[in-house]
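Undergrad: Input my_file12.txt, format and content: compact mmCIF, C-alpha atoms.
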```txt
# COMPACT_ATOMS: atom_id res chain seq x y z
CA MET A 1 65.62 6.19 -95.29
CA GLU A 2 65.62 5.06 -91.64
CA PRO A 3 65.19 1.34 -90.94
CA THR A 4 61.84 0.15 -89.54
CA PRO A 5 62.15 -0.18 -85.73
CA ASP A 6 61.56 -3.54 -84.06
CA THR A 7 58.43 -2.94 -81.99
CA SER A 8 57.10 -6.51 -82.15
CA ALA A 9 57.32 -6.95 -78.35
CA TYR A 10 54.73 -4.17 -77.93
CA MET A 11 52.52 -5.78 -80.56
CA ILE A 12 52.66 -9.13 -78.73
CA ALA A 13 51.89 -7.37 -75.43
CA GLY A 14 48.89 -5.63 -77.02
CA TYR A 15 47.36 -8.79 -78.43
CA ALA A 16 48.11 -10.70 -75.21
CA VAL A 17 46.19 -8.05 -73.24
CA PHE A 18 43.28 -8.25 -75.66
CA PHE A 19 42.98 -12.05 -75.51
CA ILE A 20 43.56 -12.31 -71.74
CA VAL A 21 41.01 -9.60 -70.83
CA SER A 22 38.44 -11.02 -73.29
CA ALA A 23 38.95 -14.56 -71.91
CA ILE A 24 38.53 -13.34 -68.32
CA TYR A 25 35.29 -11.56 -69.24
CA ILE A 26 33.85 -14.56 -71.10
CA MET A 27 34.84 -16.82 -68.16
CA SER A 28 33.06 -14.41 -65.79
CA LEU A 29 29.89 -14.71 -67.91
CA PHE A 30 30.10 -18.53 -67.69
CA VAL A 31 30.77 -18.55 -63.93
CA ARG A 32 27.96 -16.09 -63.16
CA ASN A 33 25.55 -18.03 -65.35
CA ARG A 34 26.39 -21.34 -63.64
CA SER A 35 26.07 -19.82 -60.18
CA LEU A 36 22.69 -18.22 -61.04
CA GLN A 37 21.41 -21.51 -62.48
CA ARG A 38 22.30 -23.19 -59.18
CA ASP A 39 20.59 -20.43 -57.16
CA LEU A 40 17.51 -20.69 -59.35
CA GLU A 41 17.29 -24.45 -58.81
CA THR A 42 17.61 -24.06 -55.02
CA LEU A 43 15.03 -21.27 -54.88
CA GLU A 44 12.56 -23.22 -57.04
CA ASN A 45 12.90 -26.20 -54.69
CA LEU A 46 12.30 -23.96 -51.68
CA ASP A 47 9.30 -22.40 -53.39
CA GLN A 48 7.77 -25.80 -54.11
CA LYS A 49 8.20 -26.92 -50.48
CA LYS A 50 6.44 -23.80 -49.17
CA MET B 1 15.87 -20.44 -68.13
CA THR B 2 15.01 -21.06 -71.76
CA PRO B 3 17.64 -22.98 -73.77
CA LYS B 4 20.03 -20.97 -75.90
CA PRO B 5 18.41 -20.01 -79.26
CA VAL B 6 19.98 -21.59 -82.35
CA LEU B 7 20.65 -18.13 -83.81
CA LEU B 8 22.67 -17.17 -80.72
CA LYS B 9 24.68 -20.40 -80.96
CA VAL B 10 25.38 -19.61 -84.63
CA LEU B 11 26.41 -16.08 -83.61
CA ASP B 12 28.77 -17.51 -80.95
CA TYR B 13 30.59 -19.61 -83.54
CA LEU B 14 30.52 -16.84 -86.14
CA SER B 15 32.13 -14.45 -83.63
CA ILE B 16 34.99 -16.89 -83.00
CA ILE B 17 35.55 -17.38 -86.74
CA LEU B 18 35.48 -13.61 -87.39
CA LEU B 19 37.90 -12.98 -84.53
CA VAL B 20 40.34 -15.54 -85.94
CA ILE B 21 40.13 -13.93 -89.42
CA ALA B 22 40.48 -10.40 -87.99
CA THR B 23 43.57 -11.52 -86.04
CA TYR B 24 45.05 -13.10 -89.19
CA LEU B 25 44.41 -9.95 -91.23
CA ALA B 26 45.91 -7.71 -88.56
CA LEU B 27 48.98 -9.82 -87.80
CA VAL B 28 49.81 -11.45 -91.14
CA TYR B 29 47.89 -9.95 -94.08
CA ALA B 30 48.36 -6.23 -93.35
CA PRO B 31 51.82 -4.92 -94.26
CA THR B 32 54.24 -3.68 -91.61
CA GLU B 33 54.04 0.07 -91.17
CA GLN B 34 57.43 1.56 -92.10
CA VAL B 35 57.77 4.21 -89.38
CA MET B 36 56.24 2.48 -86.34
CA GLY B 37 56.93 -1.17 -87.15
CA ASP B 38 54.81 -4.07 -85.89
CA VAL B 39 53.25 -2.15 -82.99
CA GLN B 40 51.01 -0.42 -85.56
CA ARG B 41 49.14 -3.75 -85.88
CA VAL B 42 47.66 -3.06 -82.44
CA PHE B 43 45.75 -0.20 -84.09
CA TYR B 44 43.23 -2.55 -85.82
CA PHE B 45 41.96 -3.96 -82.52
CA HIS B 46 42.37 -0.60 -80.77
CA ILE B 47 39.88 1.01 -83.17
CA GLY B 48 37.62 -2.06 -83.26
CA THR B 49 37.21 -2.15 -79.48
CA ALA B 50 36.87 1.65 -79.29
CA TRP B 51 34.06 1.59 -81.87
CA VAL B 52 31.96 -0.98 -80.03
CA GLY B 53 32.84 0.55 -76.66
CA LEU B 54 31.53 3.98 -77.61
CA LEU B 55 28.58 2.44 -79.48
CA GLY B 56 27.51 0.60 -76.31
CA PHE B 57 27.77 3.77 -74.19
CA ILE B 58 25.55 5.70 -76.62
CA LEU B 59 23.17 2.75 -76.82
CA SER B 60 22.92 2.64 -73.01
CA ALA B 61 21.90 6.32 -72.97
CA LEU B 62 19.09 5.56 -75.45
CA LEU B 63 18.07 2.53 -73.37
CA GLY B 64 18.07 4.74 -70.28
CA ILE B 65 15.59 7.09 -71.98
CA THR B 66 13.46 4.09 -73.02
CA TYR B 67 13.38 2.83 -69.43
CA LEU B 68 12.43 6.25 -68.05
CA VAL B 69 9.56 6.48 -70.56
CA THR B 70 8.23 2.91 -70.26
CA LYS B 71 9.32 1.96 -66.68
CA ASP B 72 9.75 -1.57 -68.01
CA MET B 73 12.57 -3.47 -66.23
CA LYS B 74 13.58 -5.25 -69.41
CA TRP B 75 15.13 -2.00 -70.68
CA ASP B 76 17.18 -1.74 -67.50
CA ILE B 77 18.53 -5.27 -68.05
CA ILE B 78 19.48 -4.41 -71.63
CA GLU B 79 21.07 -1.11 -70.53
CA VAL B 80 23.28 -2.85 -67.95
CA ALA B 81 24.37 -5.38 -70.59
CA ALA B 82 25.39 -2.58 -72.99
CA VAL B 83 27.37 -0.71 -70.32
CA GLU B 84 29.15 -3.81 -68.99
CA ILE B 85 30.39 -4.97 -72.39
CA SER B 86 31.42 -1.45 -73.35
CA VAL B 87 33.40 -0.99 -70.13
CA VAL B 88 35.37 -4.16 -70.93
CA PHE B 89 35.99 -3.20 -74.57
CA PHE B 90 36.87 0.39 -73.72
CA PHE B 91 39.31 -0.76 -71.05
CA ILE B 92 41.05 -2.84 -73.75
CA THR B 93 41.06 0.22 -76.05
CA ILE B 94 42.83 2.36 -73.44
CA VAL B 95 45.43 -0.33 -72.63
CA LEU B 96 46.13 -1.01 -76.33
CA GLY B 97 46.47 2.73 -76.95
CA SER B 98 48.93 3.00 -74.10
CA ILE B 99 51.00 0.09 -75.46
CA TRP B 100 51.05 1.75 -78.90
CA ALA B 101 51.99 5.11 -77.36
CA ARG B 102 55.16 3.80 -75.66
CA PRO B 103 57.22 3.34 -78.86
CA ALA B 104 55.29 5.96 -80.87
CA TRP B 105 55.31 8.86 -78.37
CA ASN B 106 58.00 7.55 -76.02
CA THR B 107 55.55 7.51 -73.10
CA TRP B 108 52.87 5.13 -71.79
CA TRP B 109 50.49 7.97 -71.00
CA THR B 110 50.06 11.69 -71.57
CA TRP B 111 47.20 14.00 -70.59
CA ASP B 112 46.21 14.64 -74.20
CA PRO B 113 42.51 15.65 -74.75
CA ARG B 114 41.64 12.28 -76.36
CA LEU B 115 43.37 10.19 -73.69
CA THR B 116 41.93 12.30 -70.89
CA THR B 117 38.34 12.17 -72.18
CA ALA B 118 38.68 8.41 -72.80
CA ALA B 119 39.91 7.83 -69.22
CA ILE B 120 37.06 9.99 -67.84
CA THR B 121 34.49 8.07 -69.93
CA GLU B 122 35.78 4.73 -68.61
CA LEU B 123 35.73 5.98 -65.00
CA VAL B 124 32.21 7.42 -65.44
CA TYR B 125 30.94 3.95 -66.38
CA VAL B 126 32.90 2.15 -63.66
CA ALA B 127 31.12 4.53 -61.25
CA TYR B 128 27.81 3.53 -62.87
CA PHE B 129 28.21 0.03 -61.40
CA MET B 130 29.26 1.45 -58.02
CA LEU B 131 26.11 3.58 -57.99
CA ARG B 132 23.91 0.59 -58.85
CA ALA B 133 25.57 -1.57 -56.20
CA GLY B 134 24.64 1.01 -53.58
CA VAL B 135 20.89 0.95 -54.29
CA GLU B 136 18.83 -1.98 -52.96
CA ASP B 137 15.40 -1.30 -54.44
CA PRO B 138 15.38 -2.63 -58.04
CA GLU B 139 13.11 0.11 -59.41
CA ARG B 140 15.06 2.90 -57.76
CA ARG B 141 18.30 1.30 -58.97
CA ALA B 142 16.97 1.14 -62.53
CA ARG B 143 15.79 4.77 -62.39
CA PHE B 144 19.11 6.07 -61.04
CA GLY B 145 20.99 3.91 -63.56
CA ALA B 146 18.91 5.22 -66.46
CA VAL B 147 19.45 8.88 -65.54
CA TYR B 148 23.17 8.23 -65.01
CA ALA B 149 23.51 6.38 -68.33
CA LEU B 150 21.66 9.22 -70.06
CA PHE B 151 24.17 11.84 -68.86
CA GLY B 152 27.10 9.44 -69.08
CA GLY B 153 26.25 8.94 -72.75
CA LEU B 154 27.37 12.51 -73.43
CA SER B 155 30.96 11.50 -72.69
CA ALA B 156 31.06 9.16 -75.71
CA PRO B 157 30.63 11.83 -78.45
CA ILE B 158 32.91 14.18 -76.49
CA THR B 159 35.64 11.48 -76.52
CA PHE B 160 35.12 10.88 -80.24
CA MET B 161 35.24 14.60 -81.07
CA ALA B 162 38.09 15.51 -78.68
CA ILE B 163 40.80 15.17 -81.34
CA ARG B 164 38.76 17.26 -83.78
CA LEU B 165 37.85 20.04 -81.35
CA PHE B 166 41.10 20.41 -79.41
CA ARG B 167 44.80 20.40 -80.21
CA SER B 168 45.83 16.77 -79.89
CA ILE B 169 48.75 14.50 -80.71
CA HIS B 170 46.38 11.56 -81.19
CA PRO B 171 46.15 10.56 -84.90
CA VAL B 172 42.83 11.11 -86.70
CA VAL B 173 41.67 7.92 -88.40
CA ILE B 174 38.16 8.80 -89.56
CA GLY B 175 37.28 12.14 -91.14
CA ALA B 176 39.40 15.08 -92.20
CA ALA B 177 42.08 16.34 -89.87
CA ASN B 178 43.11 19.97 -89.68
CA ALA B 179 46.59 21.12 -90.68
CA ASN B 180 48.01 20.64 -87.15
CA GLN B 181 46.89 17.03 -86.75
CA GLU B 182 48.51 13.78 -87.72
CA LYS B 183 46.39 11.85 -90.25
CA MET B 184 46.77 8.11 -90.48
CA ASN B 185 47.40 6.99 -94.06
CA MET B 186 46.54 3.38 -94.81
CA SER B 187 47.50 1.19 -97.77
CA PRO B 188 44.67 -0.84 -99.43
CA ASP B 189 45.72 -4.00 -97.48
CA MET B 190 45.65 -2.06 -94.23
CA ARG B 191 42.16 -0.82 -95.08
CA VAL B 192 40.97 -4.41 -95.54
CA ALA B 193 42.29 -5.38 -92.07
CA PHE B 194 40.86 -2.19 -90.58
CA PHE B 195 37.32 -2.47 -91.96
CA PHE B 196 37.19 -6.22 -91.32
CA ALA B 197 38.15 -5.60 -87.67
CA LEU B 198 35.32 -3.04 -87.39
CA PHE B 199 32.86 -5.57 -88.83
CA ALA B 200 34.16 -8.45 -86.66
CA PHE B 201 33.95 -6.41 -83.46
CA THR B 202 30.41 -5.30 -84.31
CA VAL B 203 29.32 -8.95 -84.61
CA ILE B 204 31.24 -9.90 -81.43
CA PHE B 205 29.53 -7.03 -79.61
CA ILE B 206 26.07 -8.19 -80.73
CA ASP B 207 26.88 -11.76 -79.64
CA LEU B 208 28.18 -10.76 -76.19
CA PHE B 209 25.31 -8.28 -75.79
CA TRP B 210 22.71 -10.99 -76.41
CA ASN B 211 24.48 -13.40 -74.03
CA ARG B 212 24.73 -10.70 -71.35
CA ILE B 213 21.03 -9.80 -71.72
CA ARG B 214 20.15 -13.46 -71.10
CA LEU B 215 22.34 -13.41 -67.99
CA GLY B 216 20.56 -10.24 -66.82
CA GLN B 217 17.18 -11.91 -67.32
CA LEU B 218 18.37 -14.86 -65.21
CA GLU B 219 19.62 -12.47 -62.50
CA ASN B 220 16.23 -10.77 -62.49
CA LYS B 221 14.41 -14.09 -62.22
CA VAL B 222 16.57 -15.18 -59.26
CA GLU B 223 16.05 -11.80 -57.55
CA GLN B 224 12.25 -12.06 -57.99
CA LEU B 225 12.22 -15.62 -56.65
CA LYS B 226 14.37 -14.63 -53.67
CA LEU B 227 11.85 -11.93 -52.73
CA LYS B 228 9.02 -14.47 -53.04
CA VAL B 229 10.70 -17.23 -51.02
CA MET B 230 12.39 -15.17 -48.27
```
Would you put the structure from the file into structure tokens?
TA:
Amino acid sequence: MEPTPDTSAYMIAGYAVFFIVSAIYIMSLFVRNRSLQRDLETLENLDQKK
Amino acid sequence: MTPKPVLLKVLDYLSIILLVIATYLALVYAPTEQVMGDVQRVFYFHIGTAWVGLLGFILSALLGITYLVTKDMKWDIIEVAAVEISVVFFFITIVLGSIWARPAWNTWWTWDPRLTTAAITELVYVAYFMLRAGVEDPERRARFGAVYALFGGLSAPITFMAIRLFRSIHPVVIGAANANQEKMNMSPDMRVAFFFALFAFTVIFIDLFWNRIRLGQLENKVEQLKLKVM
């Protein structure tokens, strides 16, 4: 029987990709939300002044 | 914007907990596959992300139909949310598959029917956002997006069925394979990690979907206010 190959580096790479891409996406949701909240505040102020 | 509902907050925390458990099951609990070694552990998240990716694409097609019937912008917001999350998950699926393929097939990429249809599906939905970015009028944008998502949705079942309809080197995980195909055999512990990953990614998808819908609603509100103020 052949020995099991050491492919752990690929496994680490795979999970690193998963967590990095997921973190970037979640960060993008936060950043977009914060920026829209700021825009909304500014626009509401402008609307009240009109 | 209304404050975050308690149920969504609970879902946020539940998603994190489920992800931690799914990672533990995949990396520690499941036994090492004898032929491929540790790289096989990538498979649990590869299938999990593929499942929710394709689910979101099919869902967006149904939401596209709903928008075309009702002409209610809320369906457009929900459709965009489904496509965006699925594009992210499906991108991860393709990259994880490529990483698995390097030691398993001795290549990062091959133009196999499954890999080709998966790449086309991802590109179809990247183009969906390019199409939307090119249309200024919100109603026209929603209409074009809905029709596009409707036809784009066809690529999801084609990708799923590609390994069953054509000669492929991609292993078949769900359903019976024909004599020429490689079938993935899992031990009971592997099955636990596999089905838990499917469940965890379904919950994570629902959580992200809800959060992204709320973001879409905020975007819509800002856009409406901009039109009013400017």
Undergrad: Please report as CSV every residue of chain A lying within 8 Å of range 30-43 of chain B, along with the nearest atom pair and their distance in Å (one decimal), using all atoms listed in the file.
TA:
```
residue,atom,partner,partner_atom,distance
A:Pro3,CA,B:Gln34,CA,7.8
A:Thr4,CA,B:Gln34,CA,5.3
A:Pro5,CA,B:Gly37,CA,5.5
A:Asp6,CA,B:Gly37,CA,6.0
A:Thr7,CA,B:Val39,CA,5.3
A:Ser8,CA,B:Asp38,CA,5.0
A:Ala9,CA,B:Val39,CA,7.8
A:Tyr10,CA,B:Val39,CA,5.6
A:Met11,CA,B:Val39,CA,4.4
A:Gly14,CA,B:Val42,CA,6.1
A:Tyr15,CA,B:Val42,CA,7.0
```
Undergrad: Set out as a tab-separated table a contact list for chain B and chain A with a cut-off of 10 Å, giving each residue of chain B that qualifies its closest atom pair and distance in Å to one decimal, counting only C-alpha atoms, ordered by chain and rising residue number.
TA:
```
residue	atom	partner	partner_atom	distance
B:Met1	CA	A:Gln37	CA	8.0
B:Thr23	CA	A:Tyr15	CA	8.9
B:Leu27	CA	A:Met11	CA	9.0
B:Thr32	CA	A:Thr4	CA	8.8
B:Glu33	CA	A:Thr4	CA	8.0
B:Gln34	CA	A:Thr4	CA	5.3
B:Val35	CA	A:Thr4	CA	5.8
B:Met36	CA	A:Pro5	CA	6.5
B:Gly37	CA	A:Pro5	CA	5.5
B:Asp38	CA	A:Ser8	CA	5.0
B:Val39	CA	A:Met11	CA	4.4
B:Gln40	CA	A:Met11	CA	7.5
B:Arg41	CA	A:Met11	CA	6.6
B:Val42	CA	A:Met11	CA	5.9
B:Phe43	CA	A:Gly14	CA	9.5
B:Phe45	CA	A:Phe18	CA	8.2
B:His46	CA	A:Gly14	CA	9.0
B:Thr49	CA	A:Phe18	CA	9.4
B:Glu84	CA	A:Tyr25	CA	9.9
B:Ile85	CA	A:Tyr25	CA	8.8
B:Val88	CA	A:Tyr25	CA	7.6
B:Phe89	CA	A:Ser22	CA	8.3
B:Phe91	CA	A:Val21	CA	9.0
B:Ile92	CA	A:Phe18	CA	6.2
B:Thr93	CA	A:Phe18	CA	8.8
B:Val95	CA	A:Gly14	CA	7.7
B:Leu96	CA	A:Gly14	CA	5.4
B:Gly97	CA	A:Gly14	CA	8.7
B:Ser98	CA	A:Gly14	CA	9.1
B:Ile99	CA	A:Tyr10	CA	6.2
B:Trp100	CA	A:Tyr10	CA	7.0
B:Ala101	CA	A:Tyr10	CA	9.7
B:Arg102	CA	A:Tyr10	CA	8.3
B:Pro103	CA	A:Thr7	CA	7.1
B:Ala104	CA	A:Thr7	CA	9.5
B:Leu208	CA	A:Ile26	CA	8.5
B:Asn211	CA	A:Leu29	CA	8.3
B:Arg212	CA	A:Leu29	CA	7.4
B:Arg214	CA	A:Asn33	CA	9.1
B:Leu215	CA	A:Asn33	CA	6.2
B:Gly216	CA	A:Asn33	CA	9.4
B:Leu218	CA	A:Leu36	CA	6.9
B:Glu219	CA	A:Leu36	CA	6.7
B:Asn220	CA	A:Leu36	CA	10.0
B:Lys221	CA	A:Leu40	CA	7.8
B:Val222	CA	A:Leu40	CA	5.6
B:Glu223	CA	A:Leu40	CA	9.2
B:Leu225	CA	A:Leu43	CA	6.6
B:Lys226	CA	A:Leu43	CA	6.8
B:Lys228	CA	A:Asp47	CA	7.9
B:Val229	CA	A:Asp47	CA	5.9
B:Met230	CA	A:Leu43	CA	9.4
```
Undergrad: Between CA of Phe160 in chain B and CA of Phe90 in chain B, measure the distance and give it in Å to one decimal.
TA: 12.5 Å
Undergrad: Would you mind reading off the distance between CA of Lys9 in chain B and CA of Val80 in chain B, one decimal, in Å?
TA: 21.9 Å
Undergrad: Pick out the closest residue to Leu25 in chain B from this set: B:Leu227, B:Tyr44, B:Ile78, B:Val52. Count only C-alpha atoms.
TA: B:Tyr44
Undergrad: Quote the spacing between CA of Ala197 in chain B and CA of Gly48 in chain B in Å to one decimal place.
TA: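 Between CA of Ala197 in chain B and CA of Gly48 in chain B the gap is 5.7 Å.
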Undergrad: Restricting the calculation to all atoms listed in the file, which member of B:Leu165, B:Ile16, B:Leu54, B:Ala200 is positioned closest to Glu122 in chain B?
TA: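 Comparing B:Leu165, B:Ile16, B:Leu54, B:Ala200 against Glu122 in chain B, the winner is B:Leu54.
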Undergrad: Give as number ranges by chain the set of residues within 12 Å of the point (15.8, 6.4, -65.3), where distances use the file's coordinates and only C-alpha atoms.
TA: B: 60-73, 75-76, 79, 132, 138-151
